[in-house]
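Visitor: Once you've had a glance at the structure underneath, I'll fire off some questions.
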Amino acid sequence: GTGLVGALTITPNTGSFPTTPVNGNATVTFTLTNTSSIAIPHNGVSVIPSNEFYARAFLPESLEPNTSYSVYVIFAPTSPGTKTATLTIGACLSVPLTGSSSAIAISYDTSDFGPVQVGGTKTVAFTATNSSNETVSLAAPTLTGTDATQFLVAQSTCGSTLAAGASCLINVSFKPTTAGNKTATLSLGGAAASLSGTGLVGALTITPNTGSFP
């Protein structure tokens, strides 16, 4: 036989999935590489436990020398919370997997408010949907981050509970007080949306600056 050390590698060496709504899914792609000069059997790809994480890979029985292959892991949560599992390649490689799930999903046409004159306001609508099969309890939507004070929740129809399959509306306004790029995060029920916008100073001018009529 032939003893091999480090001949098979996989990147990344951990699998961190974004927060995913219940009954939704997210995918992380791993690259499996045979760094040796000989073909190596991989002895199978699996995920343990496999109830909310699934592996998909189209691999030959033996991995060709100096060749890379893609391994896809899908996170498909069926309940809220933090979930863990392990991706294994034969008996020689293992990768820890971590994902978190929220019953709430936040959707929007855009979360980039674009350029707004300092002192002006632009409002964008966000829709929060309960993607689970049960009514969930909610706190009020929050804004956090470096520039959270540049944004505000102008209106929310989200109450203290949201029925299964139901949606509510959150209107967020961007009101820059200084120039520059601004970012914040809108959060509700474990779900989050990244916000961005740019404050402008002196971008708009009007002449004359007084109106004197005859």
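We label chains A, B, ... in the order they appear in the structure tokens, count residues from 1 in each chain, and number ligands from 1 in the order shown.
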Please list as a PyMOL selection string every residue within 8 Å of region 88-104 of chain A, counting only C-alpha atoms and excluding residues in the same chain fewer than 6 positions away.
Guide: chain A and resi 8-10+13-22+42-48+75+77+79-82+128-132+136+188-191
Visitor: Could you dump the residues just selected with C-alpha atoms as a PDB file, in the first residue's frame?
Guide:
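Result file follows (part-v7.pdb):
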```
ATOM      1  CA  LEU A   8      -6.641  15.374   0.061  1.00  0.00           C
ATOM      2  CA  THR A   9      -7.522  18.914   1.111  1.00  0.00           C
ATOM      3  CA  ILE A  10     -10.817  20.762   1.358  1.00  0.00           C
ATOM      4  CA  ASN A  13     -12.198  24.145   6.388  1.00  0.00           C
ATOM      5  CA  THR A  14     -15.381  25.242   8.165  1.00  0.00           C
ATOM      6  CA  GLY A  15     -18.876  25.736   6.800  1.00  0.00           C
ATOM      7  CA  SER A  16     -20.692  28.815   8.084  1.00  0.00           C
ATOM      8  CA  PHE A  17     -24.117  29.390   6.556  1.00  0.00           C
ATOM      9  CA  PRO A  18     -26.008  32.697   6.563  1.00  0.00           C
ATOM     10  CA  THR A  19     -29.149  33.022   8.675  1.00  0.00           C
ATOM     11  CA  THR A  20     -31.745  31.128   6.677  1.00  0.00           C
ATOM     12  CA  PRO A  21     -35.527  31.248   7.027  1.00  0.00           C
ATOM     13  CA  VAL A  22     -37.385  28.089   8.019  1.00  0.00           C
ATOM     14  CA  HIS A  42     -12.529   9.136  -1.616  1.00  0.00           C
ATOM     15  CA  ASN A  43     -14.794   6.494  -0.013  1.00  0.00           C
ATOM     16  CA  GLY A  44     -17.908   8.643  -0.077  1.00  0.00           C
ATOM     17  CA  VAL A  45     -19.240  12.050   0.948  1.00  0.00           C
ATOM     18  CA  SER A  46     -21.746  12.383   3.774  1.00  0.00           C
ATOM     19  CA  VAL A  47     -23.204  14.791   6.326  1.00  0.00           C
ATOM     20  CA  ILE A  48     -23.943  13.713   9.902  1.00  0.00           C
ATOM     21  CA  PHE A  75     -28.654  23.997   4.657  1.00  0.00           C
ATOM     22  CA  PRO A  77     -33.744  24.229   8.170  1.00  0.00           C
ATOM     23  CA  SER A  79     -37.265  24.799  12.569  1.00  0.00           C
ATOM     24  CA  PRO A  80     -35.728  27.953  14.093  1.00  0.00           C
ATOM     25  CA  GLY A  81     -32.448  27.872  16.017  1.00  0.00           C
ATOM     26  CA  THR A  82     -28.740  27.146  15.626  1.00  0.00           C
ATOM     27  CA  ALA A 128     -41.291  40.417   7.007  1.00  0.00           C
ATOM     28  CA  THR A 129     -42.867  36.985   6.472  1.00  0.00           C
ATOM     29  CA  ASN A 130     -43.351  34.127   8.921  1.00  0.00           C
ATOM     30  CA  SER A 131     -42.105  31.178   6.876  1.00  0.00           C
ATOM     31  CA  SER A 132     -42.752  28.626   9.635  1.00  0.00           C
ATOM     32  CA  VAL A 136     -44.217  33.490  16.337  1.00  0.00           C
ATOM     33  CA  LEU A 188     -36.663  41.422  13.362  1.00  0.00           C
ATOM     34  CA  GLY A 189     -37.307  38.013  14.889  1.00  0.00           C
ATOM     35  CA  GLY A 190     -33.802  36.692  14.214  1.00  0.00           C
ATOM     36  CA  ALA A 191     -33.762  37.845  10.585  1.00  0.00           C
TER      37      ALA A 191
END
```
Visitor: Please provide the set of residues having any atom within 9 Å of Glu52 (chain A), restricted to only C-alpha atoms, with same-chain residues fewer than 6 positions apart removed, written as a list in words.
Guide: Ile74, Phe75, Ala76, Pro77, Thr78, Lys83, Thr84 and Ala85 of chain A
Visitor: Compare A:Val71, A:Asn133, A:Thr178, A:Thr127 by their minimum atom-to-atom distance to Thr157 (chain A), counting only C-alpha atoms, and give me the closest one.
Guide: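 Going through A:Val71, A:Asn133, A:Thr178, A:Thr127 one by one, the smallest distance to Thr157 (chain A) is for A:Thr127.
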Visitor: Determine, counting only C-alpha atoms, which protein, DNA and RNA residues have an atom within 10 Å of an atom of region 34-36 of chain A; residues of the same chain fewer than 2 positions away are not included. Present the result as a list of chain:residue names.
Guide: A:Leu4, A:Val5, A:Gly6, A:Ala7, A:Leu8, A:Thr9, A:Ile10, A:Leu32, A:Ile38, A:Ala39, A:Ile40, A:Pro41, A:His42, A:Ser62, A:Leu63, A:Glu64, A:Pro65, A:Asn66, A:Thr67, A:Ser68, A:Tyr69
Visitor: Taking C-alpha atoms for each residue, export the selection above as a PDB file, in the first residue's frame.
Guide:
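Final output, result-v7.pdb:
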```pdb
ATOM      1  CA  LEU A   4      -0.285   9.512   2.072  1.00  0.00           C
ATOM      2  CA  VAL A   5      -0.280  12.567   4.325  1.00  0.00           C
ATOM      3  CA  GLY A   6      -2.333  15.638   3.440  1.00  0.00           C
ATOM      4  CA  ALA A   7      -2.958  14.389  -0.085  1.00  0.00           C
ATOM      5  CA  LEU A   8      -6.641  15.374   0.061  1.00  0.00           C
ATOM      6  CA  THR A   9      -7.522  18.914   1.111  1.00  0.00           C
ATOM      7  CA  ILE A  10     -10.817  20.762   1.358  1.00  0.00           C
ATOM      8  CA  LEU A  32     -11.943  19.092  -2.633  1.00  0.00           C
ATOM      9  CA  ILE A  38      -1.661   9.438  -7.865  1.00  0.00           C
ATOM     10  CA  ALA A  39      -5.414   8.788  -8.010  1.00  0.00           C
ATOM     11  CA  ILE A  40      -7.038   8.406  -4.567  1.00  0.00           C
ATOM     12  CA  PRO A  41     -10.373   6.760  -3.687  1.00  0.00           C
ATOM     13  CA  HIS A  42     -12.529   9.136  -1.616  1.00  0.00           C
ATOM     14  CA  SER A  62     -11.006   7.832  -7.481  1.00  0.00           C
ATOM     15  CA  LEU A  63      -9.952  11.470  -7.442  1.00  0.00           C
ATOM     16  CA  GLU A  64      -7.511  12.266 -10.219  1.00  0.00           C
ATOM     17  CA  PRO A  65      -4.057  13.576  -9.245  1.00  0.00           C
ATOM     18  CA  ASN A  66      -3.665  17.355  -8.943  1.00  0.00           C
ATOM     19  CA  THR A  67      -7.364  17.845  -9.606  1.00  0.00           C
ATOM     20  CA  SER A  68     -10.074  19.762  -7.746  1.00  0.00           C
ATOM     21  CA  TYR A  69     -13.765  18.923  -7.403  1.00  0.00           C
TER      22      TYR A  69
END
```
Visitor: Excluding Ala148 (chain A) and residues on its chain fewer than 4 positions from it, collect all residues at most 9 Å away from it, counting only C-alpha atoms, and give them as a list in words.
Guide: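 Listed by chain and then number, they are Leu143, Thr144, Leu152, Lys182, Thr183, Ala184, Thr185 and Leu186 of chain A.
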Visitor: Just write the chosen residues, N, CA and C atoms, as a PDB file, in the first residue's frame.
Guide:
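For reference, out30.pdb as written:
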```
ATOM      1  N   LEU A 143     -32.744  48.815  14.673  1.00  0.00           N
ATOM      2  CA  LEU A 143     -31.665  49.235  13.789  1.00  0.00           C
ATOM      3  C   LEU A 143     -30.375  49.270  14.587  1.00  0.00           C
ATOM      4  N   THR A 144     -29.343  48.610  14.102  1.00  0.00           N
ATOM      5  CA  THR A 144     -28.053  48.574  14.787  1.00  0.00           C
ATOM      6  C   THR A 144     -26.946  48.835  13.776  1.00  0.00           C
ATOM      7  N   LEU A 152     -34.069  55.265  10.370  1.00  0.00           N
ATOM      8  CA  LEU A 152     -35.103  55.113  11.386  1.00  0.00           C
ATOM      9  C   LEU A 152     -36.258  54.288  10.835  1.00  0.00           C
ATOM     10  N   LYS A 182     -23.038  55.319   4.533  1.00  0.00           N
ATOM     11  CA  LYS A 182     -23.641  54.931   5.809  1.00  0.00           C
ATOM     12  C   LYS A 182     -24.156  53.491   5.711  1.00  0.00           C
ATOM     13  N   THR A 183     -24.004  52.731   6.794  1.00  0.00           N
ATOM     14  CA  THR A 183     -24.501  51.350   6.836  1.00  0.00           C
ATOM     15  C   THR A 183     -25.159  51.081   8.178  1.00  0.00           C
ATOM     16  N   ALA A 184     -26.110  50.168   8.166  1.00  0.00           N
ATOM     17  CA  ALA A 184     -26.782  49.738   9.393  1.00  0.00           C
ATOM     18  C   ALA A 184     -27.439  48.396   9.108  1.00  0.00           C
ATOM     19  N   THR A 185     -28.037  47.814  10.135  1.00  0.00           N
ATOM     20  CA  THR A 185     -28.714  46.528   9.997  1.00  0.00           C
ATOM     21  C   THR A 185     -30.111  46.615  10.592  1.00  0.00           C
ATOM     22  N   LEU A 186     -31.084  46.201   9.809  1.00  0.00           N
ATOM     23  CA  LEU A 186     -32.463  46.082  10.274  1.00  0.00           C
ATOM     24  C   LEU A 186     -32.677  44.651  10.747  1.00  0.00           C
TER      25      LEU A 186
END
```
Visitor: Mind pulling up the distance from CA of Val172 (chain A) to CA of Asp147 (chain A)?
Guide: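 Computing it gives 13.6 Å between the two atoms.
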Visitor: My list of candidates is A:Pro141, A:Gly114, A:Pro60, A:Pro49. Which is closest to Ser160 (chain A) when distances are computed with only C-alpha atoms?
Guide: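 Of A:Pro141, A:Gly114, A:Pro60, A:Pro49, the one nearest Ser160 (chain A) is A:Pro141, counting only C-alpha atoms.
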Visitor: Which residues come within 8 Å of Phe113 (chain A), counting only C-alpha atoms, excluding same-chain residues fewer than 4 positions away, as a PDB file with C-alpha atoms, in the first residue's frame?
Guide:
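Written out: part-v2.pdb:
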```pdb
ATOM      1  CA  LYS A 122     -35.685  58.478   1.415  1.00  0.00           C
ATOM      2  CA  THR A 123     -37.950  55.621   2.544  1.00  0.00           C
ATOM      3  CA  VAL A 124     -37.756  51.967   1.510  1.00  0.00           C
ATOM      4  CA  PHE A 174     -32.608  57.117   5.500  1.00  0.00           C
ATOM      5  CA  LEU A 195     -28.855  48.775   4.863  1.00  0.00           C
ATOM      6  CA  SER A 196     -26.666  51.234   2.996  1.00  0.00           C
ATOM      7  CA  GLY A 197     -26.882  54.780   1.707  1.00  0.00           C
ATOM      8  CA  THR A 198     -24.754  57.818   0.946  1.00  0.00           C
TER       9      THR A 198
END
```
Visitor: Which residues in region 34-214 of chain A does DSSP call strand (DSSP E or B)? List them as JSON, numbers by chain.
Guide: {"A": [34, 40, 41, 45, 46, 47, 48, 53, 54, 55, 56, 57, 62, 63, 67, 68, 69, 70, 71, 72, 73, 74, 75, 81, 82, 83, 84, 85, 86, 87, 88, 89, 93, 94, 95, 96, 97, 98, 99, 100, 101, 102, 104, 105, 106, 107, 112, 113, 114, 115, 116, 117, 122, 123, 124, 125, 126, 127, 128, 129, 130, 136, 137, 142, 143, 144, 151, 152, 153, 154, 155, 156, 161, 162, 167, 168, 169, 170, 171, 172, 173, 174, 180, 181, 182, 183, 184, 185, 186, 187, 188, 191, 192, 193, 194, 195, 196, 197, 198, 199, 200]}
Visitor: Out of A:Ile206, A:Ser137, A:Ala179, A:Val116, which residue has the shortest atom-to-atom distance to Leu162 (chain A) when counting only C-alpha atoms?
Guide: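 For Leu162 (chain A), the nearest of the given residues is A:Ser137.
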